[in-house]
file query-v3.tsv (TSV, C-alpha atoms)
chain	number	residue	atom	x	y	z
A	53	MET	CA	-30.67	48.27	65.13
A	54	PHE	CA	-32.20	44.85	64.76
A	55	PHE	CA	-33.07	45.68	61.15
A	56	LYS	CA	-29.44	46.56	60.37
A	57	ILE	CA	-28.14	43.28	61.86
A	58	PHE	CA	-30.78	41.31	59.94
A	59	THR	CA	-29.76	43.05	56.72
A	60	ILE	CA	-26.06	42.23	57.26
A	61	PHE	CA	-26.68	38.51	57.83
A	62	HIS	CA	-29.02	38.27	54.86
A	63	LYS	CA	-26.88	40.26	52.44
A	64	PRO	CA	-26.16	38.16	49.34
A	65	ASN	CA	-22.67	36.66	49.31
A	66	CYS	CA	-21.22	38.14	46.12
A	67	ASN	CA	-18.16	35.88	46.15
A	68	LEU	CA	-20.27	32.75	46.54
A	69	MET	CA	-22.56	33.77	43.70
A	70	ALA	CA	-19.59	34.53	41.48
A	71	GLY	CA	-18.18	31.10	42.26
A	72	ASP	CA	-21.49	29.45	41.40
A	73	ASN	CA	-21.57	31.19	38.03
A	74	LYS	CA	-18.00	30.22	37.18
A	75	LYS	CA	-17.77	27.46	34.59
A	76	GLU	CA	-16.36	24.18	35.79
A	77	ILE	CA	-13.32	22.58	34.19
A	78	ASN	CA	-14.27	19.93	31.65
A	79	TRP	CA	-11.89	17.18	32.75
A	80	THR	CA	-12.94	14.82	29.93
A	81	ILE	CA	-11.86	17.39	27.34
A	82	VAL	CA	-8.68	18.12	29.29
A	83	LEU	CA	-7.69	14.44	29.42
A	84	VAL	CA	-8.32	14.02	25.68
A	85	ALA	CA	-6.22	17.14	25.03
A	86	LEU	CA	-3.34	15.84	27.16
A	87	GLY	CA	-3.47	12.53	25.28
A	88	LEU	CA	-3.17	14.32	21.91
A	89	ILE	CA	-0.29	16.46	23.16
A	90	ALA	CA	1.48	13.38	24.54
A	91	TYR	CA	1.11	11.67	21.15
A	92	TYR	CA	3.17	14.46	19.56
A	93	PHE	CA	6.13	13.65	21.83
A	94	PHE	CA	5.72	9.88	21.58
A	95	PRO	CA	8.67	8.46	19.56
A	96	GLN	CA	7.66	6.86	16.28
A	97	GLY	CA	8.93	3.48	15.16
A	98	LYS	CA	12.28	3.18	13.42
A	99	ASP	CA	12.36	3.17	9.63
A	100	LEU	CA	13.19	-0.06	7.82
A	101	THR	CA	16.71	-0.36	6.39
A	102	PRO	CA	17.92	-2.33	3.34
A	103	ASP	CA	19.20	-5.02	5.72
A	104	ASP	CA	15.61	-5.59	6.90
A	105	LEU	CA	14.39	-6.54	3.42
A	106	SER	CA	14.18	-9.67	1.30
A	107	SER	CA	14.14	-9.55	-2.51
A	108	LYS	CA	11.97	-11.58	-4.82
A	109	THR	CA	11.12	-11.75	-8.53
A	110	VAL	CA	7.43	-12.47	-9.04
A	111	THR	CA	4.94	-12.93	-11.86
A	112	LEU	CA	1.44	-11.53	-11.49
A	113	ASN	CA	-1.46	-13.98	-11.46
A	114	SER	CA	-3.95	-11.19	-12.19
A	115	ASP	CA	-4.21	-7.47	-12.77
A	116	VAL	CA	-3.42	-5.20	-9.84
A	117	THR	CA	-6.45	-4.76	-7.54
A	118	MET	CA	-7.46	-1.64	-5.59
A	119	ILE	CA	-8.79	-2.46	-2.11
A	120	HIS	CA	-11.01	-0.06	-0.15
A	121	ASN	CA	-10.62	-0.87	3.53
A	122	SER	CA	-13.93	0.68	4.61
A	123	LYS	CA	-14.42	-1.58	7.66
A	124	ARG	CA	-11.12	-0.73	9.34
A	125	ASP	CA	-9.93	2.83	8.70
A	126	GLY	CA	-11.27	3.83	5.30
A	127	SER	CA	-7.83	3.59	3.68
A	128	THR	CA	-7.10	2.24	0.21
A	129	TYR	CA	-4.21	0.14	-1.01
A	130	ARG	CA	-3.22	-2.04	-3.95
A	131	GLN	CA	-3.03	-5.82	-3.93
A	132	LEU	CA	-0.76	-7.99	-6.07
A	133	TRP	CA	-1.37	-11.74	-6.40
A	134	THR	CA	1.61	-13.69	-7.73
A	135	LYS	CA	2.59	-17.22	-8.75
A	136	GLU	CA	5.40	-17.31	-6.21
A	137	ALA	CA	3.36	-16.72	-3.03
A	138	ARG	CA	-0.05	-17.63	-1.66
A	139	ALA	CA	-0.26	-14.36	0.28
A	140	ALA	CA	-1.04	-11.10	-1.47
A	141	PHE	CA	1.67	-8.45	-1.75
A	142	THR	CA	0.36	-4.96	-0.97
A	143	ILE	CA	1.33	-1.42	-1.90
A	144	GLY	CA	0.41	1.11	0.79
A	145	SER	CA	-0.31	4.81	0.33
A	146	PRO	CA	3.38	5.90	0.59
A	147	GLY	CA	4.21	3.78	-2.45
A	148	ASP	CA	1.18	5.18	-4.24
A	149	VAL	CA	2.37	8.74	-3.51
A	150	VAL	CA	5.94	8.13	-4.70
A	151	ALA	CA	5.11	6.26	-7.90
A	152	PRO	CA	4.18	8.32	-10.99
A	153	GLU	CA	0.45	9.07	-11.05
A	154	GLY	CA	-1.56	6.20	-12.47
A	155	SER	CA	1.48	4.01	-13.11
A	156	LEU	CA	0.60	1.36	-10.53
A	157	ASP	CA	-2.75	0.71	-12.21
A	158	SER	CA	-0.93	-0.43	-15.33
A	159	PHE	CA	0.26	-3.74	-13.85
A	160	LYS	CA	-1.37	-6.66	-15.66
A	161	LYS	CA	-1.47	-10.43	-15.39
A	162	GLY	CA	1.82	-11.93	-16.53
A	163	ASP	CA	3.96	-8.90	-15.64
A	164	VAL	CA	7.29	-9.77	-14.01
A	165	LEU	CA	8.22	-7.55	-11.08
A	166	ASN	CA	11.17	-7.24	-8.74
A	167	ILE	CA	9.99	-6.50	-5.21
A	168	LYS	CA	11.41	-6.15	-1.71
A	169	TYR	CA	9.51	-6.81	1.51
A	170	ALA	CA	10.37	-7.08	5.21
A	171	SER	CA	12.26	-10.30	5.97
A	172	VAL	CA	10.13	-10.85	9.09
A	173	ASN	CA	7.24	-11.60	6.73
A	174	ASP	CA	8.95	-14.57	5.04
A	175	ASN	CA	6.75	-17.04	6.90
A	176	ASP	CA	3.61	-15.19	5.82
A	177	LEU	CA	4.16	-15.87	2.12
A	178	ASN	CA	2.39	-19.24	2.33
A	179	ASP	CA	-0.63	-17.84	4.16
A	180	GLY	CA	-3.47	-17.59	1.65
A	181	ALA	CA	-5.21	-15.00	3.81
A	182	GLY	CA	-2.04	-13.01	4.51
A	183	GLU	CA	-0.90	-9.66	3.15
A	184	VAL	CA	2.75	-8.70	2.81
A	185	PRO	CA	3.63	-4.99	2.30
A	186	ILE	CA	6.33	-4.22	-0.25
A	187	TYR	CA	8.83	-1.35	0.01
A	188	TYR	CA	10.55	-1.57	-3.37
A	189	LEU	CA	9.00	-2.12	-6.77
A	190	GLN	CA	10.67	-2.48	-10.16
A	191	LYS	CA	9.42	-3.58	-13.57
A	192	GLY	CA	12.10	-4.01	-16.19
A	193	LYS	CA	14.48	-1.09	-15.88
A	194	ARG	CA	11.90	1.19	-14.28
A	195	VAL	CA	11.91	1.60	-10.49
A	196	TYR	CA	8.48	2.77	-9.30
A	197	PHE	CA	9.54	3.36	-5.70
A	198	ASP	CA	12.38	2.35	-3.35
A	199	LEU	CA	12.75	2.05	0.41
A	200	ASP	CA	14.26	5.50	0.91
A	201	SER	CA	11.47	7.34	-0.90
A	202	TYR	CA	8.86	5.12	0.81
A	203	ASN	CA	10.23	5.96	4.27
A	204	LYS	CA	10.34	9.69	3.53
A	205	VAL	CA	6.68	9.79	2.53
A	206	GLN	CA	5.66	7.69	5.53
A	207	ASP	CA	7.65	9.88	7.95
A	208	ALA	CA	6.15	13.05	6.44
A	209	ALA	CA	2.63	11.67	6.91
A	210	THR	CA	3.38	10.79	10.55
A	211	HIS	CA	4.78	14.28	11.17
A	212	ARG	CA	1.61	15.86	9.76
A	213	PHE	CA	-0.58	13.78	12.04
A	214	LYS	CA	1.54	14.79	15.03
A	215	VAL	CA	1.30	18.49	14.20
A	216	ILE	CA	-2.48	18.20	13.84
A	217	ALA	CA	-2.62	16.30	17.15
A	218	ILE	CA	-0.68	18.86	19.19
A	219	ILE	CA	-2.55	21.86	17.74
A	220	THR	CA	-5.88	20.15	18.40
A	221	GLY	CA	-4.68	19.17	21.87
A	222	ILE	CA	-3.71	22.75	22.76
A	223	LEU	CA	-7.07	24.10	21.56
A	224	LEU	CA	-8.98	21.47	23.53
A	225	LEU	CA	-6.85	22.13	26.60
A	226	LEU	CA	-7.67	25.84	26.48
A	227	TYR	CA	-11.34	25.04	25.92
A	228	GLY	CA	-11.39	22.47	28.72
A	229	PHE	CA	-10.01	25.04	31.16
A	230	ASN	CA	-12.49	27.66	29.86
A	231	VAL	CA	-9.71	29.92	28.58
A	232	ILE	CA	-11.40	30.15	25.17
A	233	SER	CA	-15.01	29.64	24.14
A	234	GLN	CA	-16.41	26.80	22.07
A	235	LYS	CA	-17.01	29.22	19.18
A	236	THR	CA	-13.38	30.38	19.23
A	237	THR	CA	-12.23	26.76	19.33
A	238	TRP	CA	-14.25	25.84	16.24
A	239	ILE	CA	-13.20	28.95	14.29
A	240	THR	CA	-9.51	28.41	15.09
A	241	ALA	CA	-9.70	24.70	14.28
A	242	GLY	CA	-11.47	25.41	10.97
A	243	ALA	CA	-8.86	27.99	9.99
A	244	GLY	CA	-6.10	25.53	10.90
A	245	VAL	CA	-7.61	22.76	8.76
A	246	ALA	CA	-7.98	25.12	5.81
A	247	LEU	CA	-4.35	26.27	6.16
A	248	PHE	CA	-3.18	22.65	6.45
A	249	ILE	CA	-5.00	21.67	3.23
A	250	ILE	CA	-3.53	24.63	1.36
A	251	LEU	CA	0.03	23.91	2.55
A	252	VAL	CA	-0.22	20.23	1.61
A	253	ALA	CA	-1.65	21.12	-1.80
A	254	LEU	CA	1.29	23.50	-2.37
A	255	ASP	CA	3.71	20.84	-1.11
A	256	LYS	CA	4.87	23.19	1.66
A	257	PHE	CA	4.09	20.83	4.52
call {"tool": "encode", "arguments": {"input": "query-v3.tsv", "output": "structure tokens"}}
result
Amino acid sequence: MFFKIFTIFHKPNCNLMAGDNKKEINWTIVLVALGLIAYYFFPQGKDLTPDDLSSKTVTLNSDVTMIHNSKRDGSTYRQLWTKEARAAFTIGSPGDVVAPEGSLDSFKKGDVLNIKYASVNDNDLNDGAGEVPIYYLQKGKRVYFDLDSYNKVQDAATHRFKVIAIITGILLLLYGFNVISQKTTWITAGAGVALFIILVALDKF
């Protein structure tokens, strides 16, 4: 009798052991995932309109320069130094995408260009260390890019980043709550990246 009672009290608690073996929620991963998902729904800034721009005719002081911004975000952009401003005018990646391939590299010292930039940057033109983005570029009768095409490329890039963010966020959320394994997360993410690259290359996304 005593042996039976002893056995009952010392019988392993199966539920407790199961709970001990259960993986804990990774709250760091979950919080990062929620942040990425929230970014998808965060409203992006409004596009510039023609009323937001100032026009200027400028003459290049030197050939166009390609800048590699390795210290900040690894991006590249073009820089234009002109006789009419101490600050450099810049062409961001949307302008580079819209303009015919290689055409922006053809700008040389002495070229006369018609440009448009945000009016809020008027006071920055006299800043020798300043950079003023341009949203319209014309040389002679040829328009290399305008505001509408610039905005479309920029909006498309933002949309791509948001899609990547929410997909990554969902995967991390599932992983953080132990719904899927780390291996499944990596395989799914790798397949998603490959599909994204293919769609962008085919101009389908």
call {"tool": "closest_residue", "arguments": {"input": "query-v3.tsv", "among": "A:Asn230, A:Asn113, A:Gln206, A:Thr240", "to": "Lys98 of chain A", "atoms": "only C-alpha atoms"}}
result
A:Gln206
call {"tool": "atom_distance", "arguments": {"input": "query-v3.tsv", "atom1": "atom CA of Gln234 of chain A", "atom2": "atom CA of Ile219 of chain A"}}
result
15.3 Å
call {"tool": "closest_residue", "arguments": {"input": "query-v3.tsv", "among": "A:Phe213, A:Tyr227, A:Phe197, A:Trp133", "to": "Gln96 of chain A", "atoms": "all atoms listed in the file"}}
result
A:Phe213
call {"tool": "atom_distance", "arguments": {"input": "query-v3.tsv", "atom1": "atom CA of Lys168 of chain A", "atom2": "atom CA of Ser106 of chain A"}}
result
5.4 Å
call {"tool": "residues_around", "arguments": {"input": "query-v3.tsv", "residues": "Val172 of chain A", "least_positions_apart": "4", "cutoff": "12 Å", "atoms": "only C-alpha atoms", "output": "NGL selection string"}}
result
:A and (100 or 103-106 or 168 or 176-177 or 184-185)
call {"tool": "write_last_selection", "arguments": {"input": "query-v3.tsv", "atoms": "C-alpha atoms", "output": "tab-separated table (two decimals), in the frame of the given file"}}
result
chain	number	residue	atom	x	y	z
A	100	LEU	CA	13.19	-0.06	7.82
A	103	ASP	CA	19.20	-5.02	5.72
A	104	ASP	CA	15.61	-5.59	6.90
A	105	LEU	CA	14.39	-6.54	3.42
A	106	SER	CA	14.18	-9.67	1.30
A	168	LYS	CA	11.41	-6.15	-1.71
A	176	ASP	CA	3.61	-15.19	5.82
A	177	LEU	CA	4.16	-15.87	2.12
A	184	VAL	CA	2.75	-8.70	2.81
A	185	PRO	CA	3.63	-4.99	2.30
call {"tool": "atom_distance", "arguments": {"input": "query-v3.tsv", "atom1": "atom CA of Gly180 of chain A", "atom2": "atom CA of Val205 of chain A"}}
result
29.2 Å
call {"tool": "residues_around", "arguments": {"input": "query-v3.tsv", "residues": "Leu199 of chain A", "least_positions_apart": "3", "cutoff": "10 Å", "atoms": "only C-alpha atoms", "output": "number ranges by chain"}}
result
A: 99-102, 105, 147, 168-169, 186-189, 202-204
call {"tool": "residues_around", "arguments": {"input": "query-v3.tsv", "residues": "Thr237 of chain A", "least_positions_apart": "5", "cutoff": "9 Å", "atoms": "all atoms listed in the file", "output": "ChimeraX atom specification"}}
result
/A:223-224,226-227,232,242
call {"tool": "axis_aligned_box", "arguments": {"input": "query-v3.tsv", "around": "segment 85-98 of chain A", "padding_each_side": "5 Å", "output": "JSON"}}
result
{"center_x": 3.0, "center_y": 10.2, "center_z": 20.3, "size_x": 28.5, "size_y": 24.0, "size_z": 23.7}
